[in-house]
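As provided, input_6.csv (CSV, C-alpha atoms) reads as follows.
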chain,number,residue,atom,x,y,z
L,1,MET,CA,-5.2,10.5,-17.4
L,2,LYS,CA,-8.0,9.6,-19.8
L,3,ILE,CA,-8.6,5.9,-20.4
L,4,VAL,CA,-9.7,4.7,-23.9
L,5,SER,CA,-10.8,1.3,-25.0
L,6,ARG,CA,-8.4,-0.8,-26.9
L,7,ASP,CA,-10.7,-0.8,-29.9
L,8,GLN,CA,-10.2,2.9,-30.2
L,9,TRP,CA,-6.4,2.8,-29.9
L,10,PHE,CA,-5.5,2.6,-33.6
L,11,GLU,CA,-6.6,4.9,-36.3
L,12,VAL,CA,-6.5,3.9,-40.0
L,13,GLU,CA,-6.3,6.4,-42.9
L,14,HIS,CA,-6.6,5.0,-46.4
L,15,ARG,CA,-4.4,6.8,-48.9
L,16,HIS,CA,-4.3,6.3,-52.7
L,17,ASP,CA,-2.7,3.4,-54.5
L,18,GLY,CA,-3.2,0.7,-51.9
L,19,ILE,CA,-1.4,2.5,-49.1
L,20,CYS,CA,-2.8,3.2,-45.6
L,21,LEU,CA,-1.5,4.9,-42.5
L,22,ILE,CA,-2.0,3.2,-39.2
L,23,HIS,CA,-1.1,5.2,-36.1
L,24,GLU,CA,-1.9,5.4,-32.3
L,25,PRO,CA,-3.7,8.8,-31.9
L,26,TYR,CA,-3.4,8.9,-28.1
L,27,ILE,CA,0.4,8.9,-28.3
L,28,ARG,CA,1.6,12.5,-28.6
L,29,PRO,CA,2.9,13.4,-32.1
L,30,PHE,CA,6.6,13.5,-31.3
L,31,TYR,CA,6.5,9.9,-30.1
L,32,ARG,CA,3.8,8.6,-32.5
L,33,CYS,CA,5.1,6.2,-35.1
L,34,ASN,CA,3.6,6.0,-38.6
L,35,LEU,CA,2.8,2.4,-39.6
L,36,TRP,CA,2.6,2.1,-43.4
L,37,HIS,CA,0.6,-0.7,-44.8
L,38,ILE,CA,1.2,-1.3,-48.5
L,39,GLN,CA,-1.1,-3.7,-50.3
L,40,GLY,CA,0.2,-5.9,-53.2
L,41,ARG,CA,-1.4,-8.5,-55.4
L,42,GLU,CA,0.3,-11.4,-53.7
L,43,ARG,CA,1.4,-10.1,-50.3
L,44,ASP,CA,1.4,-6.9,-48.3
L,45,ALA,CA,4.1,-5.1,-46.4
L,46,LEU,CA,3.8,-3.3,-43.0
L,47,ILE,CA,6.6,-0.9,-42.3
L,48,ASP,CA,7.0,-0.7,-38.6
L,49,SER,CA,4.6,-1.9,-35.9
L,50,GLY,CA,4.2,0.7,-33.2
L,51,SER,CA,4.4,0.8,-29.4
L,52,GLY,CA,3.1,-2.7,-28.7
L,53,LEU,CA,0.7,-1.5,-26.0
L,54,VAL,CA,-2.3,-2.8,-27.8
L,55,SER,CA,-2.3,-5.8,-30.2
L,56,LEU,CA,-2.4,-4.9,-33.8
L,57,ARG,CA,-3.6,-8.4,-34.8
L,58,GLU,CA,-6.5,-8.3,-32.4
L,59,GLN,CA,-7.7,-4.8,-33.2
L,60,LEU,CA,-6.9,-4.9,-37.0
L,61,PRO,CA,-7.4,-8.5,-37.9
L,62,TRP,CA,-7.5,-7.7,-41.6
L,63,LEU,CA,-3.7,-7.2,-41.4
L,64,THR,CA,-3.2,-10.9,-41.4
L,65,GLU,CA,-5.9,-12.0,-43.9
L,66,ARG,CA,-3.1,-12.1,-46.5
L,67,PRO,CA,0.6,-12.9,-46.4
L,68,LEU,CA,2.4,-9.9,-44.7
L,69,LEU,CA,6.0,-8.8,-44.5
L,70,ALA,CA,6.6,-6.9,-41.3
L,71,VAL,CA,9.5,-4.6,-42.0
L,72,ALA,CA,11.5,-2.7,-39.4
L,73,SER,CA,12.7,0.6,-40.7
L,74,HIS,CA,15.0,0.5,-37.6
L,75,THR,CA,14.7,-1.0,-34.1
L,76,HIS,CA,13.7,1.8,-31.7
L,77,PHE,CA,10.8,0.7,-29.5
L,78,ASP,CA,8.1,2.8,-31.1
L,79,HIS,CA,8.8,1.1,-34.4
L,80,ILE,CA,9.1,-2.6,-33.5
L,81,ALA,CA,7.1,-3.4,-30.4
L,82,GLY,CA,4.4,-5.1,-32.4
L,83,HIS,CA,6.7,-7.2,-34.6
L,84,HIS,CA,6.4,-10.3,-32.5
L,85,GLU,CA,2.8,-10.7,-33.7
L,86,PHE,CA,3.8,-11.4,-37.3
L,87,PRO,CA,5.5,-14.5,-38.7
L,88,GLU,CA,7.6,-12.8,-41.3
L,89,ARG,CA,9.9,-10.2,-39.9
L,90,LEU,CA,12.5,-8.2,-41.9
L,91,VAL,CA,15.3,-6.0,-40.6
L,92,HIS,CA,18.8,-4.8,-41.7
L,93,PRO,CA,21.7,-7.0,-40.4
L,94,ALA,CA,23.1,-4.1,-38.4
L,95,GLU,CA,20.2,-4.1,-36.1
L,96,ALA,CA,19.1,-7.8,-36.2
L,97,ASP,CA,20.6,-8.3,-32.7
L,98,ILE,CA,18.3,-5.6,-31.2
L,99,LEU,CA,15.2,-7.1,-32.8
L,100,ALA,CA,16.1,-10.5,-31.4
L,101,ALA,CA,17.1,-9.3,-28.0
L,102,PRO,CA,15.5,-5.9,-27.3
L,103,THR,CA,16.1,-4.1,-24.0
L,104,GLY,CA,15.0,-0.8,-22.6
L,105,ALA,CA,18.4,0.7,-23.4
L,106,ASN,CA,19.0,-0.6,-26.9
L,107,THR,CA,15.5,0.3,-28.1
L,108,LEU,CA,15.4,3.7,-26.4
L,109,ALA,CA,12.3,2.6,-24.4
L,110,LYS,CA,14.1,3.4,-21.1
L,111,ASP,CA,14.7,7.0,-22.3
L,112,PHE,CA,11.3,7.8,-23.7
L,113,VAL,CA,8.4,5.6,-22.3
L,114,GLY,CA,6.5,7.6,-19.7
L,115,ASP,CA,3.5,9.8,-19.1
L,116,GLU,CA,4.8,12.5,-21.4
L,117,MET,CA,4.2,10.2,-24.3
L,118,PHE,CA,0.5,9.9,-23.9
L,119,GLU,CA,-2.8,11.9,-24.3
L,120,ALA,CA,-4.6,8.8,-22.9
L,121,HIS,CA,-3.9,5.2,-21.8
L,122,PRO,CA,-5.4,2.1,-23.2
L,123,ASP,CA,-7.9,0.3,-21.0
L,124,CYS,CA,-5.4,-2.4,-20.0
L,125,PRO,CA,-2.9,-2.4,-17.1
L,126,LEU,CA,0.1,-0.4,-17.9
L,127,CYS,CA,3.1,0.0,-15.7
L,128,TYR,CA,6.1,1.7,-17.3
L,129,ALA,CA,8.5,-0.1,-15.0
L,130,GLU,CA,7.3,-3.3,-16.6
L,131,TYR,CA,7.1,-2.1,-20.2
L,132,ARG,CA,9.0,-4.5,-22.4
L,133,VAL,CA,9.6,-4.9,-26.2
L,134,LYS,CA,9.1,-8.5,-26.9
L,135,ALA,CA,11.8,-10.4,-28.8
L,136,ALA,CA,11.0,-10.9,-32.5
L,137,PRO,CA,14.0,-12.5,-34.2
L,138,ALA,CA,14.3,-11.7,-37.9
L,139,THR,CA,13.1,-14.3,-40.4
L,140,ARG,CA,14.8,-12.4,-43.2
L,141,LEU,CA,17.7,-9.9,-43.3
L,142,ILE,CA,17.4,-7.1,-45.9
L,143,GLU,CA,20.3,-5.0,-47.2
L,144,GLU,CA,21.0,-2.3,-49.7
L,145,GLY,CA,19.7,-3.3,-53.1
L,146,ASP,CA,17.3,-6.0,-52.0
L,147,VAL,CA,13.7,-5.8,-53.2
L,148,LEU,CA,10.4,-6.7,-51.6
L,149,ASP,CA,8.2,-8.1,-54.4
L,150,LEU,CA,4.5,-7.8,-53.5
L,151,GLY,CA,3.4,-9.3,-56.8
L,152,ASP,CA,2.4,-6.2,-58.7
L,153,ARG,CA,4.7,-3.7,-57.0
L,154,VAL,CA,8.3,-3.6,-55.9
L,155,LEU,CA,9.9,-1.9,-53.0
L,156,GLN,CA,13.7,-1.4,-53.2
L,157,VAL,CA,15.6,-1.4,-49.9
L,158,LEU,CA,17.9,1.6,-49.4
L,159,HIS,CA,20.3,1.4,-46.5
L,160,THR,CA,20.0,4.9,-44.9
L,161,PRO,CA,22.0,4.9,-41.7
L,162,GLY,CA,22.5,7.9,-39.5
L,163,HIS,CA,19.6,7.9,-37.1
L,164,SER,CA,20.6,4.4,-36.4
L,165,PRO,CA,23.1,2.0,-38.0
L,166,GLY,CA,20.5,-0.3,-39.6
L,167,GLY,CA,18.1,2.3,-40.7
L,168,ILE,CA,16.5,1.6,-44.1
L,169,SER,CA,14.1,3.4,-46.4
L,170,LEU,CA,12.0,1.7,-49.1
L,171,TRP,CA,11.7,3.2,-52.6
L,172,GLU,CA,8.9,2.5,-55.0
L,173,ALA,CA,10.3,3.8,-58.2
L,174,ALA,CA,7.1,3.1,-60.2
L,175,THR,CA,5.2,5.6,-58.1
L,176,GLN,CA,8.2,7.8,-57.0
L,177,THR,CA,7.2,7.1,-53.4
L,178,LEU,CA,9.7,7.0,-50.6
L,179,PHE,CA,9.1,5.4,-47.2
L,180,SER,CA,11.8,7.1,-45.3
L,181,GLY,CA,11.6,5.7,-41.8
L,182,ASP,CA,13.3,8.0,-39.3
L,183,ILE,CA,16.1,9.3,-41.4
L,184,LEU,CA,13.8,12.1,-42.7
L,185,TYR,CA,10.4,13.3,-41.7
L,186,ASP,CA,8.8,16.8,-41.4
L,187,GLY,CA,9.5,17.4,-37.7
L,188,PRO,CA,12.4,17.5,-35.2
L,189,LEU,CA,14.9,14.8,-36.2
L,190,ILE,CA,16.7,12.6,-33.7
L,191,GLU,CA,20.4,12.5,-34.6
L,192,ASP,CA,22.0,12.1,-31.1
L,193,ALA,CA,20.8,8.7,-30.1
L,194,TYR,CA,23.4,6.3,-28.6
L,195,HIS,CA,24.1,4.8,-32.1
L,196,SER,CA,23.4,7.8,-34.3
L,197,ASN,CA,26.2,9.0,-36.6
L,198,LEU,CA,26.2,12.4,-38.2
L,199,GLU,CA,28.6,11.5,-41.1
L,200,ASP,CA,26.3,8.6,-42.0
L,201,TYR,CA,23.3,10.9,-41.7
L,202,ALA,CA,24.8,13.3,-44.2
L,203,GLN,CA,25.6,10.6,-46.7
L,204,SER,CA,22.1,9.2,-46.4
L,205,LEU,CA,20.4,12.5,-46.9
L,206,ALA,CA,22.7,13.4,-49.8
L,207,ARG,CA,21.7,10.1,-51.4
L,208,LEU,CA,17.9,10.6,-51.0
L,209,ARG,CA,18.2,14.1,-52.5
L,210,GLN,CA,19.3,12.4,-55.8
L,211,LEU,CA,16.0,10.4,-56.1
L,212,PRO,CA,13.1,11.7,-58.3
L,213,VAL,CA,10.8,11.6,-55.3
L,214,ARG,CA,7.2,12.7,-55.6
L,215,ASN,CA,5.8,11.7,-52.2
L,216,VAL,CA,7.5,10.9,-48.9
L,217,HIS,CA,5.9,8.8,-46.1
L,218,GLY,CA,8.1,9.2,-43.0
L,219,GLY,CA,8.3,7.4,-39.7
L,220,HIS,CA,6.6,10.3,-37.9
L,221,PHE,CA,4.5,13.4,-38.7
L,222,PRO,CA,2.5,14.0,-41.9
L,223,SER,CA,3.6,13.0,-45.4
L,224,PHE,CA,5.1,15.5,-47.7
L,225,SER,CA,6.2,16.2,-51.3
L,226,GLY,CA,9.5,15.7,-53.0
L,227,GLU,CA,9.8,19.5,-53.1
L,228,ARG,CA,9.4,19.7,-49.3
L,229,MET,CA,12.0,16.8,-49.0
L,230,HIS,CA,14.6,19.0,-50.8
L,231,GLU,CA,13.8,21.9,-48.4
L,232,LEU,CA,14.2,19.7,-45.4
L,233,ILE,CA,17.4,18.2,-46.6
L,234,GLY,CA,18.8,21.6,-47.5
L,235,GLN,CA,17.8,22.9,-44.1
L,236,TRP,CA,19.6,20.0,-42.4
L,237,PHE,CA,22.8,20.7,-44.3
L,238,ASN,CA,22.5,24.4,-43.5
L,239,ASP,CA,22.3,23.5,-39.8
L,240,HIS,CA,25.4,21.2,-40.2
L,241,PRO,CA,27.8,23.2,-42.4
L,242,GLN,CA,30.7,21.0,-41.3
L,243,LEU,CA,29.1,18.1,-43.1
L,244,THR,CA,28.3,19.8,-46.4
Please express what this file holds, its structure, as structure tokens.
Amino acid sequence: MKIVSRDQWFEVEHRHDGICLIHEPYIRPFYRCNLWHIQGRERDALIDSGSGLVSLREQLPWLTERPLLAVASHTHFDHIAGHHEFPERLVHPAEADILAAPTGANTLAKDFVGDEMFEAHPDCPLCYAEYRVKAAPATRLIEEGDVLDLGDRVLQVLHTPGHSPGGISLWEAATQTLFSGDILYDGPLIEDAYHSNLEDYAQSLARLRQLPVRNVHGGHFPSFSGERMHELIGQWFNDHPQLT
């Protein structure tokens, strides 16, 4: 398999309004997590932290030039394996135990980490049998209705379980922007993990459908419009008529 240098492992795409997408282009799309960096006047937020194979802080040192809140949308390995690098770590109480004591089983790493994940490997030793998500105990628990105040912008915490019990989305009402984590993205959704719950999934999607969303930045795959969000949610309920 192709080997790439660590300084090529991350790709950064600057969006409008102080938002940028960080991702790992050599991880295949189905497994590739979107890391969303949101810049505020007083502090920044980073939603999710990727696979942990290459250090975010070493390769993207600008991430820690200002105070940063590292937020876990949920605690599957592809979203939290870089959290240990940051001093302020936020997670919903329902998954705080996983962030503090991650295992191959409770983060799904045991089920998914393997050659099929990668287009290329970073130029550092990688043995899947030794892959571990490092413990990163939360420094703050965030629940429904909490807000993350970045100084000139506010992100509201929405508890959106279903994919996992502690899944959250962040809603910026001022810009009508939703950071949806893995409860909704424009690709094949995972609703059968060991702690997924279809009834919770339905309630979370029904709730998101009520928001006046303009843009959605999900945990995987490209961003999409509020109109597309309604199409995706409608399609999900059509596929699950028993939950309508």
Please provide the set of residues having any atom within 6 Å of Leu150 of chain L, restricted to all atoms listed in the file, with same-chain residues fewer than 2 positions apart removed, written as a short mmCIF file (atom, residue, chain, number, x, y, z; two decimals) with C-alpha atoms, in the coordinates of the input.
data_model
loop_
_atom_site.label_atom_id
_atom_site.label_comp_id
_atom_site.auth_asym_id
_atom_site.auth_seq_id
_atom_site.Cartn_x
_atom_site.Cartn_y
_atom_site.Cartn_z
CA GLY L 40 0.20 -5.90 -53.20
CA GLU L 42 0.30 -11.40 -53.70
CA ARG L 43 1.40 -10.10 -50.30
CA ASP L 152 2.40 -6.20 -58.70
CA ARG L 153 4.70 -3.70 -57.00
#
_Shell of 7 Å around segment 17-21 of chain L, only C-alpha atoms, local chain residues under 2 positions omitted, as a list in words_ =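 Using only C-alpha atoms, the neighbours found are Val12, Glu13, His14, Arg15, His23, Asn34, Leu35, Trp36, His37, Ile38 and Gln39 of chain L.
Checking L:Thr139, L:Ser164, L:Gln156, L:Gln176 one by one against Glu95 of chain L, counting only C-alpha atoms, you find the shortest gap at L:Ser164.
For the atom pair formed by atom CA of Ile27 of chain L and atom CA of His121 of chain L, the distance is 8.6 Å, given to one decimal.
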*Atomic separation - atom CA of Tyr26 of chain L relative to atom CA of His74 of chain L, Å*: 22.3 Å
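Nearest-residue note for Leu178 of chain L: choosing from L:Asn197, L:His217, L:Val147, L:Asp97, the minimum distance belongs to L:His217, counting only C-alpha atoms.
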*What residues have an atom no more than 12 Å from (-6.8, 9.6, -21.6) in the file's own frame, counting all atoms listed in the file, and can you write them as a ChimeraX atom specification?*
/L:1-6,8-9,25-28,115-123
*Which of these residues is nearest to Arg214 of chain L, using only C-alpha atoms: L:Thr177, L:Arg57, L:Gly162, L:Tyr201?*
L:Thr177
*When distances are computed from all atoms listed in the file, which of L:Phe86, L:Tyr31, L:Phe224, L:Phe112 shows the smallest separation from Ala72 of chain L?*
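The answer is L:Phe86, which sits nearest to Ala72 of chain L.
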_Just want the 7 Å neighbourhood of segment 229-231 of chain L, counted on all atoms listed in the file, with same-chain residues fewer than 4 positions away dropped. Output as an NGL selection string._
:L and (209 or 225 or 235)
*Counting only C-alpha atoms, what is within 7 Å of Ser180 of chain L, bar same-chain residues fewer than 5 positions away, as a VMD selection string?*
chain L and resid 169 to 170 216 to 219
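Across the structure, atom CA of Gln59 of chain L and atom CA of Asp7 of chain L are spaced 6.0 Å apart.
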*Residue nearest Lys134 of chain L among L:Leu205, L:Ile233, L:Leu53, L:Leu46 (counting all atoms listed in the file)*: L:Leu53
*Cut-off 10 Å around (22.0, 14.6, -41.7) with all atoms listed in the file: residues as number ranges by chain*: L: 161-163, 183-184, 189-191, 197-206, 233-240, 243-244
*Taking into account only C-alpha atoms, which residue in the set L:Ala174, L:Leu158, L:Ala70, L:Ile142 is nearest to Ile47 of chain L?*
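Looking only at the distances to Ile47 of chain L, the closest residue turns out to be L:Ala70.
Residues in contact with segment 100-104 of chain L at up to 6 Å, not including ones fewer than 6 positions away on its chain and judged by all atoms listed in the file, are Lys110, Ala135, Ala136 and Pro137 of chain L.
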Residues from the last selection, C-alpha atoms, saved as a PDB file, in the frame of the given file:
ATOM      1  CA  LYS L 110      14.100   3.400 -21.100  1.00  0.00           C
ATOM      2  CA  ALA L 135      11.800 -10.400 -28.800  1.00  0.00           C
ATOM      3  CA  ALA L 136      11.000 -10.900 -32.500  1.00  0.00           C
ATOM      4  CA  PRO L 137      14.000 -12.500 -34.200  1.00  0.00           C
TER       5      PRO L 137
END
Taking the partial coordinates given, rebuild segment 29-58 of chain L to contain N, CA and C atoms; return it as a JSON list (two decimals), keeping the file's coordinate frame.
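Below is the file that was written, selection36.json:
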[["chain", "number", "residue", "atom", "x", "y", "z"],
["L", 29, "PRO", "N", 2.33, 13.47, -30.75],
["L", 29, "PRO", "CA", 2.90, 13.40, -32.10],
["L", 29, "PRO", "C", 4.43, 13.15, -32.13],
["L", 30, "PHE", "N", 5.20, 13.72, -31.23],
["L", 30, "PHE", "CA", 6.60, 13.50, -31.30],
["L", 30, "PHE", "C", 7.01, 12.05, -31.16],
["L", 31, "TYR", "N", 6.22, 11.29, -30.38],
["L", 31, "TYR", "CA", 6.50, 9.90, -30.10],
["L", 31, "TYR", "C", 5.71, 8.94, -31.00],
["L", 32, "ARG", "N", 4.77, 9.45, -31.73],
["L", 32, "ARG", "CA", 3.80, 8.60, -32.50],
["L", 32, "ARG", "C", 4.40, 8.14, -33.79],
["L", 33, "CYS", "N", 4.53, 6.84, -33.90],
["L", 33, "CYS", "CA", 5.10, 6.20, -35.10],
["L", 33, "CYS", "C", 4.03, 6.06, -36.18],
["L", 34, "ASN", "N", 4.43, 6.30, -37.42],
["L", 34, "ASN", "CA", 3.60, 6.00, -38.60],
["L", 34, "ASN", "C", 3.84, 4.55, -38.99],
["L", 35, "LEU", "N", 2.78, 3.77, -39.06],
["L", 35, "LEU", "CA", 2.80, 2.40, -39.60],
["L", 35, "LEU", "C", 2.26, 2.43, -40.98],
["L", 36, "TRP", "N", 3.05, 2.04, -41.96],
["L", 36, "TRP", "CA", 2.60, 2.10, -43.40],
["L", 36, "TRP", "C", 2.27, 0.72, -43.87],
["L", 37, "HIS", "N", 1.01, 0.52, -44.24],
["L", 37, "HIS", "CA", 0.60, -0.70, -44.80],
["L", 37, "HIS", "C", 0.45, -0.56, -46.33],
["L", 38, "ILE", "N", 1.15, -1.43, -47.05],
["L", 38, "ILE", "CA", 1.20, -1.30, -48.50],
["L", 38, "ILE", "C", 0.64, -2.63, -49.08],
["L", 39, "GLN", "N", -0.43, -2.52, -49.83],
["L", 39, "GLN", "CA", -1.10, -3.70, -50.30],
["L", 39, "GLN", "C", -0.58, -4.06, -51.73],
["L", 40, "GLY", "N", -0.22, -5.34, -51.89],
["L", 40, "GLY", "CA", 0.20, -5.90, -53.20],
["L", 40, "GLY", "C", -0.73, -6.96, -53.64],
["L", 41, "ARG", "N", -0.51, -7.45, -54.86],
["L", 41, "ARG", "CA", -1.40, -8.50, -55.40],
["L", 41, "ARG", "C", -1.21, -9.81, -54.67],
["L", 42, "GLU", "N", 0.06, -10.13, -54.32],
["L", 42, "GLU", "CA", 0.30, -11.40, -53.70],
["L", 42, "GLU", "C", 0.60, -11.37, -52.23],
["L", 43, "ARG", "N", 1.11, -10.26, -51.75],
["L", 43, "ARG", "CA", 1.40, -10.10, -50.30],
["L", 43, "ARG", "C", 1.42, -8.61, -50.01],
["L", 44, "ASP", "N", 1.33, -8.31, -48.74],
["L", 44, "ASP", "CA", 1.40, -6.90, -48.30],
["L", 44, "ASP", "C", 2.65, -6.70, -47.48],
["L", 45, "ALA", "N", 2.96, -5.44, -47.27],
["L", 45, "ALA", "CA", 4.10, -5.10, -46.40],
["L", 45, "ALA", "C", 3.54, -4.12, -45.32],
["L", 46, "LEU", "N", 4.07, -4.26, -44.13],
["L", 46, "LEU", "CA", 3.80, -3.30, -43.00],
["L", 46, "LEU", "C", 5.12, -2.78, -42.57],
["L", 47, "ILE", "N", 5.31, -1.49, -42.77],
["L", 47, "ILE", "CA", 6.60, -0.90, -42.30],
["L", 47, "ILE", "C", 6.35, -0.34, -40.93],
["L", 48, "ASP", "N", 7.01, -0.99, -39.98],
["L", 48, "ASP", "CA", 7.00, -0.70, -38.60],
["L", 48, "ASP", "C", 5.66, -1.13, -37.91],
["L", 49, "SER", "N", 5.71, -1.28, -36.58],
["L", 49, "SER", "CA", 4.60, -1.90, -35.90],
["L", 49, "SER", "C", 4.18, -1.24, -34.60],
["L", 50, "GLY", "N", 4.72, -0.06, -34.31],
["L", 50, "GLY", "CA", 4.20, 0.70, -33.20],
["L", 50, "GLY", "C", 4.70, 0.33, -31.83],
["L", 51, "SER", "N", 4.00, 0.83, -30.81],
["L", 51, "SER", "CA", 4.40, 0.80, -29.40],
["L", 51, "SER", "C", 4.23, -0.59, -28.76],
["L", 52, "GLY", "N", 3.35, -1.42, -29.34],
["L", 52, "GLY", "CA", 3.10, -2.70, -28.70],
["L", 52, "GLY", "C", 2.14, -2.69, -27.55],
["L", 53, "LEU", "N", 1.61, -1.55, -27.18],
["L", 53, "LEU", "CA", 0.70, -1.50, -26.00],
["L", 53, "LEU", "C", -0.58, -2.19, -26.23],
["L", 54, "VAL", "N", -1.07, -2.16, -27.46],
["L", 54, "VAL", "CA", -2.30, -2.80, -27.80],
["L", 54, "VAL", "C", -2.02, -3.70, -29.04],
["L", 55, "SER", "N", -2.60, -4.87, -29.09],
["L", 55, "SER", "CA", -2.30, -5.80, -30.20],
["L", 55, "SER", "C", -2.86, -5.35, -31.50],
["L", 56, "LEU", "N", -1.95, -5.26, -32.48],
["L", 56, "LEU", "CA", -2.40, -4.90, -33.80],
["L", 56, "LEU", "C", -3.24, -6.04, -34.42],
["L", 57, "ARG", "N", -2.85, -7.28, -34.21],
["L", 57, "ARG", "CA", -3.60, -8.40, -34.80],
["L", 57, "ARG", "C", -4.99, -8.54, -34.24],
["L", 58, "GLU", "N", -5.15, -8.22, -32.97],
["L", 58, "GLU", "CA", -6.50, -8.30, -32.40],
["L", 58, "GLU", "C", -7.39, -7.18, -32.85]]
